[in-house]
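A.B. asks: Sharing upload-v7.tsv (TSV, C-alpha atoms and all ligand atoms) below.
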chain	number	residue	atom	x	y	z
X	4	MET	CA	-157.27	151.70	-252.16
X	5	SER	CA	-153.85	152.73	-250.82
X	6	GLN	CA	-155.32	152.40	-247.32
X	7	LEU	CA	-156.16	148.74	-248.05
X	8	LYS	CA	-152.66	148.17	-249.40
X	9	GLN	CA	-151.19	149.66	-246.25
X	10	LEU	CA	-153.47	147.52	-244.09
X	11	VAL	CA	-152.34	144.24	-245.68
X	12	GLY	CA	-148.71	145.38	-245.77
X	13	ILE	CA	-148.74	146.00	-242.03
X	14	GLU	CA	-150.61	142.74	-241.38
X	15	ALA	CA	-148.02	140.73	-243.34
X	16	ALA	CA	-145.16	142.34	-241.41
X	17	LYS	CA	-146.49	140.61	-238.28
X	18	TYR	CA	-145.07	137.33	-239.65
X	19	VAL	CA	-141.56	138.77	-239.48
X	20	THR	CA	-139.55	138.25	-236.29
X	21	ASP	CA	-135.98	138.86	-235.11
X	22	GLY	CA	-133.26	136.84	-236.77
X	23	MET	CA	-135.17	136.08	-239.97
X	24	THR	CA	-134.00	136.38	-243.54
X	25	ILE	CA	-136.93	137.90	-245.39
X	26	GLY	CA	-137.85	138.52	-249.01
X	27	LEU	CA	-139.16	141.94	-250.03
X	28	GLY	CA	-141.62	141.95	-252.93
X	29	THR	CA	-142.19	144.56	-255.61
X	30	GLY	CA	-145.14	146.78	-256.45
X	31	SER	CA	-147.48	149.31	-254.90
X	32	THR	CA	-148.77	146.86	-252.25
X	33	ALA	CA	-145.40	145.34	-251.32
X	34	TYR	CA	-144.23	148.95	-250.92
X	35	TYR	CA	-146.25	149.21	-247.70
X	36	PHE	CA	-144.82	145.96	-246.34
X	37	VAL	CA	-141.29	147.24	-246.98
X	38	ALA	CA	-142.20	150.57	-245.37
X	39	GLU	CA	-143.48	148.78	-242.24
X	40	ILE	CA	-140.33	146.62	-242.03
X	41	GLY	CA	-138.26	149.79	-242.35
X	42	ARG	CA	-140.25	151.41	-239.55
X	43	ARG	CA	-139.76	148.41	-237.28
X	44	VAL	CA	-136.02	148.28	-238.02
X	45	GLN	CA	-135.68	151.96	-237.16
X	46	GLU	CA	-138.14	152.28	-234.26
X	47	GLU	CA	-138.18	148.82	-232.69
X	48	GLY	CA	-134.68	147.59	-233.50
X	49	LEU	CA	-136.05	144.66	-235.51
X	50	SER	CA	-133.03	142.58	-236.49
X	51	ILE	CA	-133.47	140.96	-239.90
X	52	THR	CA	-131.66	140.56	-243.20
X	53	ALA	CA	-133.54	141.06	-246.44
X	54	VAL	CA	-133.22	140.03	-250.06
X	55	THR	CA	-135.12	142.02	-252.64
X	56	THR	CA	-136.98	141.24	-255.84
X	57	SER	CA	-136.14	144.34	-257.89
X	58	SER	CA	-133.88	147.38	-258.13
X	59	VAL	CA	-136.87	149.55	-257.14
X	60	THR	CA	-137.39	147.60	-253.90
X	61	SER	CA	-133.64	147.60	-253.22
X	62	ALA	CA	-133.64	151.40	-253.45
X	63	GLN	CA	-136.61	151.67	-251.07
X	64	ALA	CA	-135.08	149.20	-248.59
X	65	LYS	CA	-131.71	150.98	-248.63
X	66	SER	CA	-133.39	154.34	-248.02
X	67	LEU	CA	-135.04	152.83	-244.92
X	68	GLY	CA	-131.83	151.31	-243.55
X	69	ILE	CA	-132.98	147.68	-244.02
X	70	PRO	CA	-129.87	145.42	-244.11
X	71	LEU	CA	-129.66	143.67	-247.49
X	72	LYS	CA	-127.97	140.59	-248.89
X	73	SER	CA	-128.03	139.18	-252.40
X	74	ILE	CA	-130.06	136.02	-253.00
X	75	ASP	CA	-126.81	134.06	-253.44
X	76	GLU	CA	-125.49	135.12	-250.04
X	77	VAL	CA	-128.33	133.20	-248.35
X	78	THR	CA	-129.36	129.56	-248.73
X	79	SER	CA	-133.02	130.10	-247.90
X	80	VAL	CA	-135.49	132.83	-247.06
X	81	ASP	CA	-137.78	132.45	-244.03
X	82	VAL	CA	-140.66	134.65	-245.16
X	83	THR	CA	-141.26	136.55	-248.40
X	84	VAL	CA	-144.12	139.00	-248.81
X	85	ASP	CA	-145.10	140.12	-252.30
X	86	GLY	CA	-148.09	141.44	-254.22
X	87	ALA	CA	-149.94	139.64	-257.02
X	88	ASP	CA	-152.01	140.65	-260.03
X	89	GLU	CA	-154.56	137.84	-259.86
X	90	VAL	CA	-155.15	134.91	-257.50
X	91	ASP	CA	-157.56	132.10	-258.41
X	92	SER	CA	-159.59	129.80	-256.18
X	93	GLU	CA	-156.80	127.17	-256.30
X	94	PHE	CA	-154.22	129.73	-255.11
X	95	ASN	CA	-152.50	129.90	-258.49
X	96	GLY	CA	-151.57	133.44	-259.43
X	97	ILE	CA	-150.35	135.86	-262.05
X	98	LYS	CA	-147.46	138.14	-261.16
X	99	GLY	CA	-145.22	140.48	-263.10
X	100	GLY	CA	-147.39	143.55	-263.51
X	101	GLY	CA	-144.41	145.50	-262.21
X	102	GLY	CA	-141.98	143.66	-264.48
X	103	ALA	CA	-140.10	141.91	-261.68
X	104	LEU	CA	-141.45	138.38	-262.15
X	105	LEU	CA	-138.10	136.67	-262.72
X	106	MET	CA	-136.43	137.95	-259.56
X	107	GLU	CA	-139.71	137.44	-257.69
X	108	LYS	CA	-139.90	133.80	-258.76
X	109	VAL	CA	-136.25	133.16	-257.90
X	110	VAL	CA	-136.76	134.56	-254.40
X	111	ALA	CA	-140.07	132.67	-254.02
X	112	THR	CA	-138.33	129.41	-254.97
X	113	TYR	CA	-135.96	129.63	-251.99
X	114	THR	CA	-138.65	130.83	-249.57
X	115	LYS	CA	-140.06	128.67	-246.77
X	116	HIS	CA	-143.20	130.74	-246.14
X	117	TYR	CA	-144.45	132.74	-249.09
X	118	ILE	CA	-147.19	135.32	-248.57
X	119	TRP	CA	-149.14	137.44	-251.05
X	120	ILE	CA	-150.84	140.68	-250.08
X	121	VAL	CA	-153.67	141.84	-252.31
X	122	ASP	CA	-156.90	143.77	-252.31
X	123	GLU	CA	-160.10	141.83	-252.98
X	124	SER	CA	-160.24	142.92	-256.64
X	125	LYS	CA	-157.31	140.56	-257.33
X	126	MET	CA	-159.24	137.46	-256.19
X	127	VAL	CA	-160.72	135.75	-259.28
X	128	GLU	CA	-162.32	132.45	-260.17
X	129	THR	CA	-160.15	131.90	-263.27
X	130	LEU	CA	-156.85	133.58	-264.21
X	131	GLY	CA	-156.31	135.46	-267.45
X	132	ALA	CA	-158.21	138.75	-267.46
X	133	PHE	CA	-154.88	140.29	-266.41
X	134	LYS	CA	-152.39	139.99	-269.28
X	135	LEU	CA	-149.86	137.25	-268.52
X	136	PRO	CA	-146.32	138.69	-268.45
X	137	VAL	CA	-143.65	136.54	-270.09
X	138	GLU	CA	-139.99	137.53	-269.68
X	139	VAL	CA	-138.00	136.73	-272.82
X	140	VAL	CA	-134.38	137.11	-273.91
X	141	GLN	CA	-133.83	139.95	-276.33
X	142	TYR	CA	-132.20	137.66	-278.90
X	143	GLY	CA	-134.97	136.30	-281.13
X	144	ALA	CA	-137.71	138.18	-279.31
X	145	GLU	CA	-139.46	139.22	-282.55
X	146	ASN	CA	-139.69	135.58	-283.63
X	147	LEU	CA	-141.00	134.58	-280.24
X	148	PHE	CA	-143.59	137.37	-280.53
X	149	ARG	CA	-144.68	135.96	-283.92
X	150	HIS	CA	-144.85	132.47	-282.37
X	151	PHE	CA	-147.23	133.73	-279.66
X	152	GLU	CA	-149.25	135.60	-282.29
X	153	ALA	CA	-149.65	132.44	-284.37
X	154	LYS	CA	-150.88	130.60	-281.28
X	155	GLY	CA	-153.59	133.25	-280.80
X	156	TYR	CA	-152.10	134.50	-277.53
X	157	VAL	CA	-152.49	138.19	-278.53
X	158	PRO	CA	-149.00	139.31	-277.47
X	159	SER	CA	-147.74	142.84	-276.94
X	160	PHE	CA	-144.27	144.02	-276.00
X	161	ARG	CA	-144.32	145.89	-272.68
X	162	GLU	CA	-143.37	149.55	-273.17
X	163	THR	CA	-142.68	152.46	-270.85
X	164	ASN	CA	-142.59	156.03	-272.14
X	165	GLY	CA	-142.78	154.77	-275.73
X	166	LYS	CA	-139.73	152.54	-275.31
X	167	ARG	CA	-139.52	148.78	-274.99
X	168	PHE	CA	-139.37	147.92	-271.27
X	169	VAL	CA	-136.14	146.19	-270.18
X	170	THR	CA	-136.20	144.23	-266.91
X	171	ASP	CA	-133.58	144.36	-264.16
X	172	MET	CA	-132.21	141.15	-265.72
X	173	LYS	CA	-131.96	142.92	-269.14
X	174	ASN	CA	-134.79	141.00	-270.81
X	175	PHE	CA	-137.99	142.08	-272.59
X	176	ILE	CA	-141.52	141.37	-271.42
X	177	ILE	CA	-144.22	140.12	-273.76
X	178	ASP	CA	-147.71	140.38	-272.24
X	179	LEU	CA	-150.23	137.78	-273.42
X	180	ASP	CA	-153.87	138.87	-273.58
X	181	LEU	CA	-155.38	135.43	-272.98
X	182	LYS	CA	-158.67	136.58	-271.38
X	183	THR	CA	-159.01	133.23	-269.61
X	184	ILE	CA	-156.48	130.53	-268.69
X	185	ALA	CA	-158.38	127.27	-268.50
X	186	ASP	CA	-155.38	125.17	-267.42
X	187	PRO	CA	-152.62	127.21	-265.70
X	188	GLN	CA	-150.43	124.09	-265.18
X	189	ALA	CA	-150.51	123.14	-268.86
X	190	LEU	CA	-149.77	126.69	-269.98
X	191	ALA	CA	-146.89	126.98	-267.48
X	192	GLU	CA	-145.39	123.74	-268.79
X	193	GLU	CA	-145.72	124.94	-272.38
X	194	LEU	CA	-144.04	128.26	-271.61
X	195	ASP	CA	-141.31	126.49	-269.59
X	196	ARG	CA	-140.52	124.47	-272.74
X	197	THR	CA	-140.51	127.49	-275.09
X	198	VAL	CA	-137.00	128.51	-276.16
X	199	GLY	CA	-136.31	132.18	-275.46
X	200	VAL	CA	-138.73	132.35	-272.53
X	201	VAL	CA	-136.72	133.08	-269.39
X	202	GLU	CA	-139.70	132.96	-267.02
X	203	HIS	CA	-143.43	133.59	-266.98
X	204	GLY	CA	-145.81	135.18	-264.52
X	205	LEU	CA	-147.77	132.04	-263.66
X	206	PHE	CA	-147.03	131.22	-260.02
X	207	ASN	CA	-148.82	127.88	-259.63
X	208	GLY	CA	-148.71	126.30	-256.20
X	209	PHE	CA	-146.14	128.71	-254.81
X	210	VAL	CA	-148.05	130.65	-252.19
X	211	ASN	CA	-148.70	129.55	-248.59
X	212	LYS	CA	-150.89	132.41	-247.45
X	213	VAL	CA	-152.87	135.20	-249.10
X	214	ILE	CA	-153.76	138.26	-247.07
X	215	VAL	CA	-156.73	140.01	-248.66
X	216	GLY	CA	-157.76	143.56	-247.88
X	217	SER	CA	-161.39	144.59	-248.32
X	218	GLN	CA	-163.71	147.30	-247.07
X	219	ASP	CA	-164.75	144.85	-244.34
X	220	GLY	CA	-161.20	144.33	-243.09
X	221	VAL	CA	-158.37	141.87	-243.57
X	222	LEU	CA	-158.90	138.22	-244.40
X	223	THR	CA	-156.03	135.72	-244.19
X	224	LEU	CA	-156.39	132.63	-246.40
X	225	ASP	CA	-154.18	129.56	-246.08
X	226	ALA	CA	-153.44	127.62	-249.24
X	227	PRO	CA	-154.48	123.98	-248.92
X	228	ASN	CA	-151.75	121.28	-248.87
X	229	LYS	CA	-148.90	123.70	-248.24
E	1	LIG	C1	-144.37	143.02	-259.80
E	1	LIG	C2	-145.50	142.23	-259.30
E	1	LIG	C3	-146.42	142.89	-258.35
E	1	LIG	O1	-146.33	142.23	-257.12
E	1	LIG	C4	-147.81	142.82	-258.88
E	1	LIG	O2	-147.82	143.43	-260.15
E	1	LIG	C5	-148.81	143.53	-257.97
E	1	LIG	O3	-148.50	144.89	-257.92
E	1	LIG	P1	-149.41	145.94	-257.17
E	1	LIG	O4	-149.36	145.59	-255.73
E	1	LIG	O5	-148.80	147.27	-257.49
E	1	LIG	O6	-150.81	145.81	-257.75
E	1	LIG	O7	-145.69	141.08	-259.62
E	1	LIG	O8	-143.68	142.33	-260.80
Could you spell out this file's structure in structure tokens?
Ligand code: 5RP

C.D. replies:
Amino acid sequence: MSQLKQLVGIEAAKYVTDGMTIGLGTGSTAYYFVAEIGRRVQEEGLSITAVTTSSVTSAQAKSLGIPLKSIDEVTSVDVTVDGADEVDSEFNGIKGGGGALLMEKVVATYTKHYIWIVDESKMVETLGAFKLPVEVVQYGAENLFRHFEAKGYVPSFRETNGKRFVTDMKNFIIDLDLKTIADPQALAEELDRTVGVVEHGLFNGFVNKVIVGSQDGVLTLDAPNK
């Protein structure tokens, strides 16, 4: 599996050229993209500036000598490469398995060419088997949890090592065990309107290209109408 992740990470790095501002995703697949960019910076003198989507990725990028800027020091990002937890046949996706969905969506919003790198197990017909991460402010989070419970969304607070997980932006994550999301647009609109929700892991219509790794090799899919 890590070989597939490395394969798609290296493939995605081919879209990066000198002079670009690039976005570095978060997670075990994006790790290999960042590693390849670091290698090219060090060995080939690739000249780029990067913005990152989490403190974890910032640490990796710094350790590799990748020049970094904050998202507010740039006005746009040429190419961002990130992982995803699920991608449906319409190129909608779920992200946030690594807890970085807010920063990931902010960077994606200012990105001209947005690429996901996944293995074939992430390609699904309908989203929802993966629990949908929802980033919420700490204030009133228990009430928001009860609200999701009443709606039948089967919420759980994300925890690490027995403690409530706190994101880089100092929020909690509530994961919704929806099983299937019949209408990702409608659910995204509902969550966007819900007070206390900072952001959710539905990335509808964001991605331009999905690079899929499988035992048979790498497949690059272009999203329609992008
Ligand atoms: C982090 C993310 C990740 O990109 C997503 O969870 C995929 O991670 P991995 O490549 O480790 O499966 O959204 O918030």

A.B. asks: Dump as a tab-separated table the rows for residues of chain X within 6 Å of ligand LIG 1 (chain E): closest atom pair and distance in Å with one decimal, only C-alpha atoms and all ligand atoms counted, ordered by chain and rising residue number.

C.D. replies:
residue	atom	partner	partner_atom	distance
X:Thr29	CA	E:LIG1	C1	5.0
X:Gly30	CA	E:LIG1	O5	3.8
X:Ser31	CA	E:LIG1	O5	3.6
X:Thr32	CA	E:LIG1	O4	3.8
X:Ala33	CA	E:LIG1	O4	5.9
X:Asp85	CA	E:LIG1	O1	5.4
X:Gly86	CA	E:LIG1	O1	3.5
X:Ala87	CA	E:LIG1	C5	4.2
X:Asp88	CA	E:LIG1	C5	4.8
X:Lys98	CA	E:LIG1	O7	3.8
X:Gly99	CA	E:LIG1	O8	3.3
X:Gly100	CA	E:LIG1	O2	3.4
X:Gly101	CA	E:LIG1	C1	3.5
X:Gly102	CA	E:LIG1	O8	4.3
X:Ala103	CA	E:LIG1	O8	3.7
X:Leu104	CA	E:LIG1	O8	4.7

A.B. asks: Hey, can you check how far atom CA of X:Asn211 sits from atom CA of X:Ala132?

C.D. replies: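 These two atoms are separated by 23.0 Å.
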
A.B. asks: Using only C-alpha atoms, which residue out of X:Gly26, X:Gly208, X:Gly68, X:Gly131 lies closest to X:Met106?

C.D. replies: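 Between X:Gly26, X:Gly208, X:Gly68, X:Gly131, the residue approaching X:Met106 most closely is X:Gly26.
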
A.B. asks: Please identify all polymer residues lying at most 8 Å from the point (-152.1, 134.3, -257.4) (file coordinates), using all atoms listed in the file, and present the result as a list of chain:residue names.

C.D. replies: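 It turns out the residues near that spot are X:Ala87, X:Asp88, X:Glu89, X:Val90, X:Asp91, X:Phe94, X:Asn95, X:Gly96, X:Ile97, X:Lys98, X:Trp119, X:Met126, X:Leu205, X:Phe206, X:Asn207, X:Val210.
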
A.B. asks: Extract, using only C-alpha atoms, all DNA, RNA and protein residues at most 8 Å from X:Asp81, discarding same-chain residues fewer than 5 positions from it, and format them as a list in words.

C.D. replies: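 Near neighbours after the sequence-gap exclusion: Met23, Thr24, Ile25, Gly26, Thr114, Lys115 and His116 of chain X.
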
A.B. asks: Could you tell me how far atom CA of X:Glu152 lies from atom CA of X:Leu179, in Å and to one decimal?

C.D. replies: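 Answer for the atom CA of X:Glu152 to atom CA of X:Leu179 separation: 9.2 Å.
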
A.B. asks: Pick out the closest residue to X:Val37 from this set: X:Ile120, X:Ser92, X:Phe151, X:Asp21. Count all atoms listed in the file.

C.D. replies: X:Ile120

A.B. asks: Kindly provide the residues of stretch 143-171 of chain X that approach stretch 191-197 of chain X to within 12 Å, each paired with its closest atom pair and their distance in Å to one decimal, based on only C-alpha atoms, listed by chain and increasing number, as a Markdown table.

C.D. replies:
| residue | atom | partner | partner_atom | distance |
| --- | --- | --- | --- | --- |
| X:Ala144 | CA | X:Thr197 | CA | 11.8 |
| X:Asn146 | CA | X:Thr197 | CA | 11.8 |
| X:Leu147 | CA | X:Thr197 | CA | 8.8 |
| X:Phe148 | CA | X:Thr197 | CA | 11.7 |
| X:His150 | CA | X:Thr197 | CA | 9.8 |
| X:Phe151 | CA | X:Leu194 | CA | 10.2 |
| X:Lys154 | CA | X:Glu193 | CA | 11.7 |
| X:Tyr156 | CA | X:Leu194 | CA | 11.8 |

A.B. asks: Calculate how many Å separate atom CA of X:Tyr113 from atom CA of X:Val213, rounding to one decimal.

C.D. replies: 18.0 Å

A.B. asks: Which residue gives the smallest distance to X:Glu128 among X:Thr112, X:Ser79, X:Ser58, X:Thr183, with only C-alpha atoms counted?

C.D. replies: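 When distances to X:Glu128 are compared using only C-alpha atoms, the smallest one comes from X:Thr183.
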
A.B. asks: Is it possible to dump stretch 207-218 of chain X as an mmCIF file, in the first residue's frame, including just all heavy atoms?

C.D. replies:
data_model
loop_
_atom_site.group_PDB
_atom_site.id
_atom_site.type_symbol
_atom_site.label_atom_id
_atom_site.label_comp_id
_atom_site.auth_asym_id
_atom_site.auth_seq_id
_atom_site.Cartn_x
_atom_site.Cartn_y
_atom_site.Cartn_z
ATOM 1 N N ASN X 207 -17.097 19.204 -2.369
ATOM 2 C CA ASN X 207 -17.905 18.997 -3.577
ATOM 3 C C ASN X 207 -17.430 19.927 -4.681
ATOM 4 O O ASN X 207 -17.390 21.143 -4.490
ATOM 5 C CB ASN X 207 -19.380 19.295 -3.293
ATOM 6 C CG ASN X 207 -19.959 18.392 -2.218
ATOM 7 O OD1 ASN X 207 -19.531 17.250 -2.072
ATOM 8 N ND2 ASN X 207 -20.917 18.891 -1.461
ATOM 9 N N GLY X 208 -17.071 19.354 -5.809
ATOM 10 C CA GLY X 208 -16.714 20.174 -6.961
ATOM 11 C C GLY X 208 -15.416 20.945 -6.818
ATOM 12 O O GLY X 208 -15.217 21.937 -7.497
ATOM 13 N N PHE X 209 -14.545 20.518 -5.938
ATOM 14 C CA PHE X 209 -13.273 21.219 -5.751
ATOM 15 C C PHE X 209 -12.180 20.719 -6.693
ATOM 16 O O PHE X 209 -11.386 21.483 -7.194
ATOM 17 C CB PHE X 209 -12.758 21.001 -4.317
ATOM 18 C CG PHE X 209 -13.214 22.026 -3.318
ATOM 19 C CD1 PHE X 209 -14.477 21.953 -2.751
ATOM 20 C CD2 PHE X 209 -12.380 23.065 -2.926
ATOM 21 C CE1 PHE X 209 -14.908 22.889 -1.827
ATOM 22 C CE2 PHE X 209 -12.796 24.009 -2.012
ATOM 23 C CZ PHE X 209 -14.064 23.921 -1.455
ATOM 24 N N VAL X 210 -12.151 19.393 -6.889
ATOM 25 C CA VAL X 210 -10.945 18.782 -7.462
ATOM 26 C C VAL X 210 -10.931 18.853 -8.996
ATOM 27 O O VAL X 210 -11.971 18.754 -9.642
ATOM 28 C CB VAL X 210 -10.811 17.314 -6.958
ATOM 29 C CG1 VAL X 210 -11.735 16.353 -7.712
ATOM 30 C CG2 VAL X 210 -9.381 16.841 -7.004
ATOM 31 N N ASN X 211 -9.750 19.067 -9.550
ATOM 32 C CA ASN X 211 -9.579 19.073 -11.010
ATOM 33 C C ASN X 211 -9.124 17.725 -11.536
ATOM 34 O O ASN X 211 -9.452 17.345 -12.664
ATOM 35 C CB ASN X 211 -8.532 20.108 -11.428
ATOM 36 C CG ASN X 211 -8.914 21.509 -11.045
ATOM 37 O OD1 ASN X 211 -8.488 22.008 -10.016
ATOM 38 N ND2 ASN X 211 -9.748 22.151 -11.845
ATOM 39 N N LYS X 212 -8.311 17.041 -10.734
ATOM 40 C CA LYS X 212 -7.689 15.814 -11.223
ATOM 41 C C LYS X 212 -7.540 14.844 -10.057
ATOM 42 O O LYS X 212 -7.215 15.273 -8.942
ATOM 43 C CB LYS X 212 -6.291 16.185 -11.747
ATOM 44 C CG LYS X 212 -5.702 15.265 -12.787
ATOM 45 C CD LYS X 212 -4.336 15.747 -13.207
ATOM 46 C CE LYS X 212 -4.283 16.849 -14.224
ATOM 47 N NZ LYS X 212 -4.951 16.611 -15.488
ATOM 48 N N VAL X 213 -7.808 13.573 -10.306
ATOM 49 C CA VAL X 213 -7.583 12.547 -9.278
ATOM 50 C C VAL X 213 -6.590 11.527 -9.832
ATOM 51 O O VAL X 213 -6.819 10.967 -10.917
ATOM 52 C CB VAL X 213 -8.902 11.839 -8.880
ATOM 53 C CG1 VAL X 213 -8.642 10.836 -7.758
ATOM 54 C CG2 VAL X 213 -9.961 12.844 -8.440
ATOM 55 N N ILE X 214 -5.510 11.332 -9.124
ATOM 56 C CA ILE X 214 -4.507 10.354 -9.552
ATOM 57 C C ILE X 214 -4.675 9.128 -8.659
ATOM 58 O O ILE X 214 -4.535 9.203 -7.439
ATOM 59 C CB ILE X 214 -3.081 10.943 -9.451
ATOM 60 C CG1 ILE X 214 -2.970 12.214 -10.305
ATOM 61 C CG2 ILE X 214 -2.040 9.921 -9.868
ATOM 62 C CD1 ILE X 214 -1.630 12.931 -10.214
ATOM 63 N N VAL X 215 -5.040 8.012 -9.302
ATOM 64 C CA VAL X 215 -5.415 6.798 -8.575
ATOM 65 C C VAL X 215 -4.327 5.742 -8.753
ATOM 66 O O VAL X 215 -3.955 5.418 -9.887
ATOM 67 C CB VAL X 215 -6.756 6.236 -9.109
ATOM 68 C CG1 VAL X 215 -7.239 5.086 -8.234
ATOM 69 C CG2 VAL X 215 -7.817 7.322 -9.198
ATOM 70 N N GLY X 216 -3.870 5.210 -7.651
ATOM 71 C CA GLY X 216 -2.881 4.133 -7.710
ATOM 72 C C GLY X 216 -3.553 2.786 -7.534
ATOM 73 O O GLY X 216 -4.400 2.616 -6.647
ATOM 74 N N SER X 217 -3.210 1.833 -8.390
ATOM 75 C CA SER X 217 -3.752 0.482 -8.239
ATOM 76 C C SER X 217 -2.645 -0.514 -8.575
ATOM 77 O O SER X 217 -1.573 -0.115 -9.048
ATOM 78 C CB SER X 217 -4.948 0.268 -9.170
ATOM 79 O OG SER X 217 -4.479 0.091 -10.484
ATOM 80 N N GLN X 218 -2.937 -1.780 -8.362
ATOM 81 C CA GLN X 218 -1.935 -2.809 -8.660
ATOM 82 C C GLN X 218 -1.544 -2.773 -10.146
ATOM 83 O O GLN X 218 -0.442 -3.153 -10.517
ATOM 84 C CB GLN X 218 -2.462 -4.206 -8.291
ATOM 85 C CG GLN X 218 -2.727 -4.399 -6.795
ATOM 86 C CD GLN X 218 -1.521 -4.058 -5.917
ATOM 87 O OE1 GLN X 218 -0.371 -4.160 -6.332
ATOM 88 N NE2 GLN X 218 -1.770 -3.627 -4.674
#
